[in-house]
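Chemist: Here it is, the structure, as structure tokens.
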Amino acid sequence: MSSTPSPAQAGSRSPWRSLRHRSMRWWSVANFVSNAGTWMQLTVQNLLVLQITGSAAATGLSMSVQAAPALLMSVLGGAAVDRWPRKLTAAVSQALLAVIAFTTATLVALDRLDMTTLMVLAAVTGMVATVDNPACALLGNDLVPAEDVPSAIGVGALVFNAGRLAGAALAGVTVGFLGTAAAYFANGFSFLFVTAVIPFLRPAAGAVRQVTGRAARRSTPDMSVREGLAFFARRPRLLALAGVTGISAVFGRNYGLTLAVLVTGPLAGGAGAFGTVSTVLAAGGIVGAVLGARLRRPSVRLVGALAATGALLQIVAGLSPSLAVLLVLVLPMAVVESVSDTAGTAVLQTDPPAHLRGRVLGVWGSVGTVWSLGGPPALGLLMELAGPRGALITGGVIITASIASGHLLHRRRTVSPVAFPTKETAPQPALQTAA
């Protein structure tokens, strides 16, 4: 199931170049099916919690319970991905997720699901995801040559968005005709489909090969979590990437929150107007994923430049006098964010040595969970103090200033000392004492 590209194909900048490999095409189809099933279940799960409890707070709690394991266990999940064969790890984790989905579906069908059981199942799902997420991300990269990894990541972003749209749409249809349990059953079968495809995937020529088992222990005896943490902490590129991504995640990017308040508040729009803004954001994300897939050698400098550009657009958006002006700005904001995400993900997944990539992704998962949990409350507080316009402008200024400062510090540290030429002079006679 592998294919060898011609020299012309090898130099291609097409965003779809990773799909010339047959295994990558199968993996993309499997990912689409899995994402559609996952988003179908997530959509139905929120409705199910509301039906059981009638509380919006409980709905948010169930989502937090599922995300919380990533905060503490992602580093362990990443270590497991490095230690065990990638295909086996992904297949087992997908099969476990299928078991959880089928269990939930059965309990719903029998009307035996209570809130406590649902929370436990959500927590177990989050635990399995700490292994499944890095395993599936790296498995896709393992199928293509290194120069095609940005394309694989961009295609993955497109598949994710397409699956999200399809899953949300199918959830309503499925629940309406077949009931809530059917959505969970459908998600279980989507995981089984991925499990069935994985054994037939074959890496293309030039793809990075994972070394596991005794061979890995001979070449890299330290396979511990500590090694992954130490590598991340001592790698300036990754620390810079974390800084850029973190400050952007906290003070920008949460457009679902900031733009919602801006549209319905100062711009005097309604839910329909914000729906239009959300649609433009989604379209920009798809365009950005396509552009990001054209990259061949992304860098942290590119990620920083794109993040600063997005922050400047965010400042201008905060000054928008009307909804029409905001819509003009929203599209490039989403495009820049999506390209930056693709470039950053490519750097994160290709910079570490092959035997450390799972653990580095695990560290990133833990750090990213801190941003995702802490960012919205911090941004909400900023909006309370400065209003939606002030939050957008202040956040954009903080992001731009932080990235500019980091760039200047980096340049100052890397400037090599200038050597001044010296002239050789004849030795001077010794001073004589005065007579």
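Going through the structure tokens in order, the chains are called A, B, and so on, while each chain numbers its residues from 1 and the ligands are numbered from 1 in the order shown.
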Fewer than 3 positions away in the same chain doesn't count, so skip those; otherwise give me all residues within 9 Å of Leu238 of chain A, counting only C-alpha atoms, as number ranges by chain.
Modeler: A: 232-235, 241-243, 300, 347-348, 351
Chemist: Identify all residues of segment 61-231 of chain A in helix (DSSP H, G or I) (DSSP on the backbone) and supply them as a PyMOL selection string.
Modeler: chain A and resi 61-67+69-83+86-109+115-142+146-178+180-200+213-219+225-231
Chemist: Within 12 Å of Thr276 of chain A, counting only C-alpha atoms, which residues qualify if same-chain residues fewer than 2 places away don't, as a list in words?
Modeler: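 Contacts, with the query itself left out: Leu259, Ala260, Val263, Gly269, Gly270, Ala271, Gly272, Ala273, Phe274, Ser278, Thr279, Val280, Leu281, Ala282, Ala283, Leu323, Ala324, Leu326, Leu327, Val328, Val330 and Leu331 of chain A.
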Chemist: Find the nearest atom pair between each residue of segment 183-278 of chain A and segment 101-123 of chain A for residues within 6 Å, count only C-alpha atoms, give distances in Å to one decimal, sort rows by chain and ascending number, and present the table as JSON lines.
Modeler:
```
{"residue": "A:Tyr184", "atom": "CA", "partner": "A:Ala105", "partner_atom": "CA", "distance": 5.0}
{"residue": "A:Phe185", "atom": "CA", "partner": "A:Phe102", "partner_atom": "CA", "distance": 5.6}
{"residue": "A:Gly188", "atom": "CA", "partner": "A:Ala101", "partner_atom": "CA", "distance": 5.0}
```
Chemist: Got time to write the residues from that selection, C-alpha atoms, as an mmCIF file, in the first residue's frame?
Modeler:
```
data_model
loop_
_atom_site.group_PDB
_atom_site.id
_atom_site.type_symbol
_atom_site.label_atom_id
_atom_site.label_comp_id
_atom_site.auth_asym_id
_atom_site.auth_seq_id
_atom_site.Cartn_x
_atom_site.Cartn_y
_atom_site.Cartn_z
ATOM 1 C CA TYR A 184 -23.008 6.361 20.396
ATOM 2 C CA PHE A 185 -23.289 3.116 18.428
ATOM 3 C CA GLY A 188 -18.261 2.921 18.216
#
```
Chemist: In Å, how far is it from atom CA of Glu384 of chain A to atom CA of Thr258 of chain A?
Modeler: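 Between these atoms lies a distance of 11.2 Å.
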Chemist: Which of these, A:Arg25, A:Arg301, A:Arg202, A:Arg17, has the shortest distance to Lys87 of chain A once you count only C-alpha atoms?
Modeler: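 So, comparing all the options, the nearest one is A:Arg202.
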Chemist: When you count only C-alpha atoms, which of these residues is closest to Ala391 of chain A: A:Ala317, A:Ala404, A:Ala135, A:Ile52?
Modeler: A:Ala317
Chemist: Just how far from atom CA of Thr342 of chain A is atom CA of Val29 of chain A, in Å to one decimal?
Modeler: 19.6 Å
Chemist: Let me make sure I understand: among A:Ala293, A:Leu257, A:Leu361, A:Ile247, which one has the smallest atom-to-atom distance to Asp82 of chain A if we use only C-alpha atoms?
Modeler: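 Nearest to Asp82 of chain A: A:Leu361.
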Chemist: Compile the contact shell of segment 175-179 of chain A as a ChimeraX atom specification: residues with an atom at most 10 Å away, counting only C-alpha atoms, same-chain residues fewer than 3 positions apart removed.
Modeler: /A:40,44,108-109,170-172,182-184
Chemist: Find, counting only C-alpha atoms, the residue in A:Gly256, A:Pro236, A:Pro145, A:Gly390 that gets nearest to Gly406 of chain A.
Modeler: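 Distance minimum relative to Gly406 of chain A lands on A:Pro236.
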Chemist: Which residues are near Gly154 of chain A? Cut-off 9 Å, only C-alpha atoms, ignore same chain within fewer than 3 positions. Put them as JSON, numbers by chain.
Modeler: {"A": [15, 16, 149, 150, 151, 157, 158, 159, 288, 289, 290, 291, 292, 293, 294, 339, 342, 343]}
Chemist: Now that the selection is made, can you save its residues with all heavy atoms as a compact mmCIF listing (two decimals), in the first residue's frame?
Modeler:
```txt
# COMPACT_ATOMS: atom_id res chain seq x y z
N PRO A 15 -0.67 21.24 -1.83
CA PRO A 15 -1.16 20.91 -0.47
C PRO A 15 -1.65 19.47 -0.36
O PRO A 15 -1.80 18.95 0.73
CB PRO A 15 -2.30 21.91 -0.26
CG PRO A 15 -2.73 22.32 -1.62
CD PRO A 15 -1.49 22.29 -2.47
N TRP A 16 -1.89 18.83 -1.50
CA TRP A 16 -2.43 17.47 -1.49
C TRP A 16 -1.35 16.42 -1.75
O TRP A 16 -1.67 15.26 -1.97
CB TRP A 16 -3.53 17.34 -2.56
CG TRP A 16 -4.43 18.52 -2.63
CD1 TRP A 16 -4.52 19.43 -3.65
CD2 TRP A 16 -5.37 18.95 -1.64
NE1 TRP A 16 -5.45 20.40 -3.36
CE2 TRP A 16 -5.99 20.13 -2.13
CE3 TRP A 16 -5.75 18.47 -0.39
CZ2 TRP A 16 -6.96 20.83 -1.42
CZ3 TRP A 16 -6.71 19.16 0.32
CH2 TRP A 16 -7.31 20.32 -0.20
N VAL A 149 5.31 15.93 5.43
CA VAL A 149 4.63 15.99 6.73
C VAL A 149 3.73 17.22 6.86
O VAL A 149 2.59 17.10 7.33
CB VAL A 149 5.66 15.91 7.88
CG1 VAL A 149 5.00 16.26 9.22
CG2 VAL A 149 6.25 14.51 7.96
N PRO A 150 4.18 18.45 6.46
CA PRO A 150 3.25 19.59 6.53
C PRO A 150 1.97 19.37 5.73
O PRO A 150 0.88 19.77 6.16
CB PRO A 150 4.06 20.75 5.97
CG PRO A 150 5.48 20.38 6.22
CD PRO A 150 5.53 18.88 6.03
N SER A 151 2.09 18.71 4.57
CA SER A 151 0.90 18.39 3.79
C SER A 151 0.00 17.42 4.55
O SER A 151 -1.23 17.59 4.58
CB SER A 151 1.30 17.78 2.44
OG SER A 151 0.18 17.25 1.77
N ALA A 157 -5.97 18.58 9.17
CA ALA A 157 -6.80 19.68 9.64
C ALA A 157 -8.08 19.79 8.82
O ALA A 157 -9.17 20.03 9.36
CB ALA A 157 -6.01 20.99 9.58
N LEU A 158 -7.97 19.60 7.51
CA LEU A 158 -9.16 19.63 6.66
C LEU A 158 -10.11 18.49 7.00
O LEU A 158 -11.33 18.68 7.09
CB LEU A 158 -8.75 19.53 5.19
CG LEU A 158 -8.09 20.76 4.57
CD1 LEU A 158 -7.58 20.45 3.17
CD2 LEU A 158 -9.06 21.93 4.52
N VAL A 159 -9.54 17.31 7.20
CA VAL A 159 -10.36 16.15 7.55
C VAL A 159 -11.06 16.38 8.89
O VAL A 159 -12.24 16.05 9.07
CB VAL A 159 -9.48 14.89 7.60
CG1 VAL A 159 -10.23 13.73 8.25
CG2 VAL A 159 -9.02 14.50 6.19
N GLY A 288 -6.91 28.32 5.28
CA GLY A 288 -5.61 28.32 5.93
C GLY A 288 -4.99 26.94 6.00
O GLY A 288 -3.77 26.79 5.86
N ALA A 289 -5.80 25.92 6.21
CA ALA A 289 -5.28 24.55 6.25
C ALA A 289 -4.70 24.16 4.90
O ALA A 289 -3.66 23.49 4.82
CB ALA A 289 -6.37 23.58 6.67
N VAL A 290 -5.37 24.58 3.82
CA VAL A 290 -4.86 24.29 2.47
C VAL A 290 -3.53 25.01 2.24
O VAL A 290 -2.56 24.42 1.73
CB VAL A 290 -5.90 24.70 1.40
CG1 VAL A 290 -5.31 24.54 0.00
CG2 VAL A 290 -7.15 23.86 1.54
N LEU A 291 -3.46 26.28 2.61
CA LEU A 291 -2.22 27.04 2.44
C LEU A 291 -1.10 26.47 3.31
O LEU A 291 0.06 26.38 2.88
CB LEU A 291 -2.45 28.51 2.77
CG LEU A 291 -3.40 29.28 1.84
CD1 LEU A 291 -3.59 30.70 2.35
CD2 LEU A 291 -2.85 29.30 0.42
N GLY A 292 -1.45 26.09 4.55
CA GLY A 292 -0.44 25.52 5.43
C GLY A 292 0.11 24.21 4.92
O GLY A 292 1.28 23.88 5.14
N ALA A 293 -0.72 23.45 4.20
CA ALA A 293 -0.27 22.17 3.66
C ALA A 293 0.75 22.36 2.54
O ALA A 293 1.45 21.41 2.17
CB ALA A 293 -1.46 21.38 3.14
N ARG A 294 0.88 23.57 1.99
CA ARG A 294 1.86 23.84 0.95
C ARG A 294 3.27 24.04 1.52
O ARG A 294 4.25 24.02 0.78
CB ARG A 294 1.46 25.08 0.15
CG ARG A 294 0.21 24.91 -0.69
CD ARG A 294 -0.13 26.20 -1.42
NE ARG A 294 0.96 26.64 -2.28
CZ ARG A 294 1.14 26.22 -3.53
NH1 ARG A 294 0.32 25.34 -4.07
NH2 ARG A 294 2.16 26.67 -4.26
N VAL A 339 -2.91 28.68 9.23
CA VAL A 339 -1.56 28.43 8.69
C VAL A 339 -0.56 28.34 9.83
O VAL A 339 0.33 27.47 9.84
CB VAL A 339 -1.16 29.54 7.69
CG1 VAL A 339 0.27 29.31 7.20
CG2 VAL A 339 -2.11 29.57 6.50
N THR A 342 -0.85 24.96 11.54
CA THR A 342 -0.25 23.89 10.73
C THR A 342 1.27 23.94 10.81
O THR A 342 1.93 22.91 10.98
CB THR A 342 -0.71 24.01 9.27
OG1 THR A 342 -2.14 23.94 9.22
CG2 THR A 342 -0.13 22.88 8.43
N ALA A 343 1.84 25.15 10.69
CA ALA A 343 3.29 25.29 10.77
C ALA A 343 3.82 24.88 12.14
O ALA A 343 4.82 24.16 12.25
CB ALA A 343 3.69 26.73 10.45
```
Chemist: Would you mind reading off the distance between atom CA of Met73 of chain A and atom CA of Val128 of chain A, one decimal, in Å?
Modeler: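 So the answer is 9.7 Å.
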Chemist: Neighbouring residues of Arg359 of chain A were defined as those with any atom within 9 Å, considering only C-alpha atoms; residues of the same chain fewer than 2 positions away were excluded. Please report them as a VMD selection string.
Modeler: chain A and resid 74 to 82 134 224 to 225 227 to 229 355 to 357 361 to 364
Chemist: Near Leu138 of chain A, within 8 Å and counting only C-alpha atoms, which residues show up once chain neighbours fewer than 6 positions away are dropped, as a VMD selection string?
Modeler: chain A and resid 86 349 357 to 358
Chemist: Can you spit out the residues from that selection as a PDB file, in the first residue's frame, using C-alpha atoms?
Modeler:
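That gives us part05.pdb:
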```pdb
ATOM      1  CA  ARG A  86       2.811   2.989  16.763  1.00  0.00           C
ATOM      2  CA  GLN A 349       6.135  16.768  15.314  1.00  0.00           C
ATOM      3  CA  ARG A 357       8.307  12.519  19.517  1.00  0.00           C
ATOM      4  CA  GLY A 358       5.610  10.789  21.535  1.00  0.00           C
TER       5      GLY A 358
END
```
Chemist: Identify which of the residues A:Val124, A:Val33, A:Leu88, A:Ala162 lies closest to Ser62 of chain A, counting only C-alpha atoms when measuring atom-to-atom distances.
Modeler: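 Of all the options, A:Val124 lies closest to Ser62 of chain A.
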